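A quick write-up on the structure given underneath.
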Amino acid sequence: PPPDMPPSPHKSHFLQNSDNERVKVTVRSRPLTKAEESREDVIPVVFVNPDKSTVTVRRKGSFVDYTEFKFDAVLGASATQADVYAVAAQPIVLDVLEGYNGTIMAYGQTGAGKTYTLADVVINDAIQSRVEGIIPRSAANIFEYASNDKNHEYHISMSYIQIYMETIQDLLNPETTNLQIREAEDGGIFIAGVHEIEVKSLEDVVTLLMLGDCNRQCAFTKLNAHSSRSHAIVIITVEKKTFSLLDSTNSSEGRRISKGILVGKLFLVDLAGSERLKKSGSEGLRAVEAMSVNMSLTALGKCISARADPSITHVPFRDSKLTRLLQESLGGNTKTSLIINIAPCCDHIQETLSSLKFGIRAMKVGSRAILNFEEEFRVLNRHLQENTQSKDKQAGN
Ligand code: ADP
Ligand code: MG
């Protein structure tokens, strides 16, 4: 083809990101809760070092028996939601706005601060300082960026699902109870039939988040179960109509693309509690729940280990719905930020150590995100199609 022709825009992936990237891991150690502070037997055993990239975990009362771990970043009790966003989320969100896929995932035992880190929303804004988590901050970032960019047209949509006992439920459409994961022709993973709702503002996102949480709580209350036994996943899709794009990774050729859509998908994942569940006493539903959480987090660990070791060629993505869905986040076409949430006190030291070790393994996972390029607004088109189909049906065609 002539040099100024775009290389087949039908192929959705063609611009290779030059950096050899890997999963970035941030540790966040939460402050002691009021209840923990009031107990004399609770002492802090987790210490964030001044270099902000290493953390030391001591055995209770011991100055000899300690372990030090190094990560991309370590944030302590004094870190604000803004600090966490800047370190562990913003770089990924900016990439999504450029047409890459991104994943931000929180791992840790129940009570360690995963939901606070990701989804905390301050609704009553009477207090001036907002202390929101990564999901609302990401949305705010995306809408601000889109509204300041007069050269592109944006379509932004959101899905909210949970994986509970190996079934995928649409939290924005509770009638659907068992959604299926499918693979697109280009190898991309998607959830067939999931609601993708167009969002035009931060308020839209917060409203859907609250609706989804409400559906989630209702379902769990009915089952007399707890949401920490499921993985909650928000997916924000940014579609961006591009008129002219210079391929900066290969400027000698100066490839120009005259039109097309860049698609960036952001996965925000609040994983089920990683604590090992006591075998005794759990039976019936509790036992099945525990088994499926263990299974999916074990599968996640196995996939991470497999990806971290170049000699292993088989990665067991199909072992669980979670790993199947996150397939691209684990060394595929996604930039991934993993947040390890830990509690600072002595009674959780075993879980803390096991979470930190999980994070260390994840740092070895490489990724290669590539720009996603489409010819038309995908989500918009699908909605148009669905509308026409339902109109056809109504018209008796
Ligand atoms: P998880 O989702 O991991 O089970 P949560 O996010 O629900 O844990 O946190 C447990 C409790 O600790 C909540 O009451 C939450 O508000 C509080 N918490 C967690 N992290 C922080 C933090 N960094 N600063 C203040 N409070 C926090
Ligand atoms: Mg939680």
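The chains in the structure tokens are called A, B, ... from first to last as shown; in each chain the residues are counted from 1, and the ligands are counted from 1 in the order shown.
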Taking only C-alpha atoms and all ligand atoms into account, report as a ChimeraX atom specification which residues have an atom no farther than 10 Å from an atom of ligand 1.
/A:28-34,75-81,84,106-120,131,133,227-229,270-274,340-343
Mind the document's chain letters and residue numbers, and return as a ChimeraX atom specification the residues of range 134-320 of chain A that DSSP labels helix (DSSP H, G or I).
/A:134-148,202-223,227-229,248-250,285-308,317-319
Distance query range 216-221 of chain A at most 9 Å, only C-alpha atoms, self and fewer than 5 positions along chain excluded, as a list in words:
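Residues near the query, excluding close chain neighbours: Gln162, Leu171, Pro174, Leu211, His226 and Ser227 of chain A.
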Give one line per residue of range 279-355 of chain A that approaches range 41-57 of chain A to at most 10 Å, naming the two atoms of the closest pair and their distance in Å to one decimal, counting only C-alpha atoms; sort by chain then ascending residue number and deliver it as a Markdown table.
```
| residue | atom | partner | partner_atom | distance |
| --- | --- | --- | --- | --- |
| A:Ile342 | CA | A:Val46 | CA | 8.8 |
| A:Ala343 | CA | A:Val46 | CA | 8.0 |
| A:Pro344 | CA | A:Val46 | CA | 4.9 |
| A:Cys345 | CA | A:Pro44 | CA | 4.3 |
| A:Cys346 | CA | A:Val45 | CA | 5.5 |
| A:Asp347 | CA | A:Val42 | CA | 7.1 |
| A:His348 | CA | A:Val45 | CA | 9.2 |
| A:Ile349 | CA | A:Val45 | CA | 7.5 |
| A:Thr352 | CA | A:Val57 | CA | 8.6 |
| A:Leu353 | CA | A:Val57 | CA | 7.8 |
```
Please identify the strand (DSSP E or B) residues within range 5-232 of chain A (assignment by DSSP from backbone atoms) and present them as a PyMOL selection string.
chain A and resi 13-16+21-22+24-29+44+46-48+54-58+66-70+73-75+102-107+153-164+167-170+179-183+189-192+197-198+231-232
Taking C-alpha atoms for each residue, export the selection above as a short mmCIF file (atom, residue, chain, number, x, y, z; two decimals), in the first residue's frame.
```cif
data_model
loop_
_atom_site.label_atom_id
_atom_site.label_comp_id
_atom_site.auth_asym_id
_atom_site.auth_seq_id
_atom_site.Cartn_x
_atom_site.Cartn_y
_atom_site.Cartn_z
CA HIS A 13 -4.63 -3.95 17.08
CA PHE A 14 -1.67 -2.60 15.28
CA LEU A 15 0.26 0.00 17.22
CA GLN A 16 2.69 -1.72 19.52
CA GLU A 21 6.08 -3.07 30.77
CA ARG A 22 5.12 -5.21 33.72
CA LYS A 24 2.93 -2.37 38.77
CA VAL A 25 2.35 -3.21 42.42
CA THR A 26 1.47 -0.69 45.14
CA VAL A 27 1.03 -1.65 48.80
CA ARG A 28 -1.40 0.32 50.95
CA SER A 29 -1.34 -0.22 54.70
CA PRO A 44 1.37 -2.31 64.71
CA VAL A 46 3.87 -3.12 59.54
CA PHE A 47 6.27 -0.23 58.95
CA VAL A 48 6.47 1.79 55.76
CA THR A 54 9.86 -0.84 51.00
CA VAL A 55 7.80 -2.16 53.87
CA THR A 56 9.07 -3.99 56.94
CA VAL A 57 6.93 -6.55 58.75
CA ARG A 58 8.10 -7.51 62.26
CA TYR A 66 11.56 -9.13 60.48
CA THR A 67 11.08 -9.29 56.73
CA GLU A 68 11.48 -6.48 54.24
CA PHE A 69 9.62 -6.33 50.90
CA LYS A 70 10.24 -4.00 47.98
CA ALA A 73 5.35 2.00 45.83
CA VAL A 74 4.32 1.56 49.45
CA LEU A 75 1.78 3.88 51.07
CA GLY A 102 -6.06 -0.86 31.73
CA THR A 103 -6.75 -2.80 34.91
CA ILE A 104 -6.65 -1.59 38.49
CA MET A 105 -7.12 -4.41 40.97
CA ALA A 106 -7.29 -4.47 44.79
CA TYR A 107 -6.16 -7.64 46.59
CA GLU A 153 -15.63 12.86 19.96
CA TYR A 154 -16.08 10.56 22.97
CA HIS A 155 -18.48 7.79 23.93
CA ILE A 156 -18.08 6.59 27.48
CA SER A 157 -19.99 3.63 28.90
CA MET A 158 -20.00 1.60 32.06
CA SER A 159 -20.78 -1.97 33.13
CA TYR A 160 -20.84 -3.29 36.67
CA ILE A 161 -20.73 -7.02 37.37
CA GLN A 162 -19.85 -9.43 40.12
CA ILE A 163 -18.49 -12.95 40.06
CA TYR A 164 -20.08 -15.00 42.81
CA THR A 167 -21.36 -17.14 37.95
CA ILE A 168 -21.27 -13.64 36.49
CA GLN A 169 -24.12 -11.35 37.50
CA ASP A 170 -24.95 -8.02 35.93
CA LEU A 179 -23.59 -14.16 31.92
CA GLN A 180 -21.03 -15.88 29.72
CA ILE A 181 -17.50 -14.85 28.80
CA ARG A 182 -16.71 -14.91 25.08
CA GLU A 183 -13.64 -14.36 22.98
CA ILE A 189 -12.39 -11.05 25.97
CA PHE A 190 -15.91 -9.75 26.55
CA ILE A 191 -19.04 -10.58 28.54
CA ALA A 192 -21.91 -11.46 26.21
CA ILE A 197 -24.74 2.04 29.89
CA GLU A 198 -23.64 5.33 28.39
CA HIS A 231 -15.43 -10.16 43.12
CA ALA A 232 -16.93 -6.82 42.04
#
```
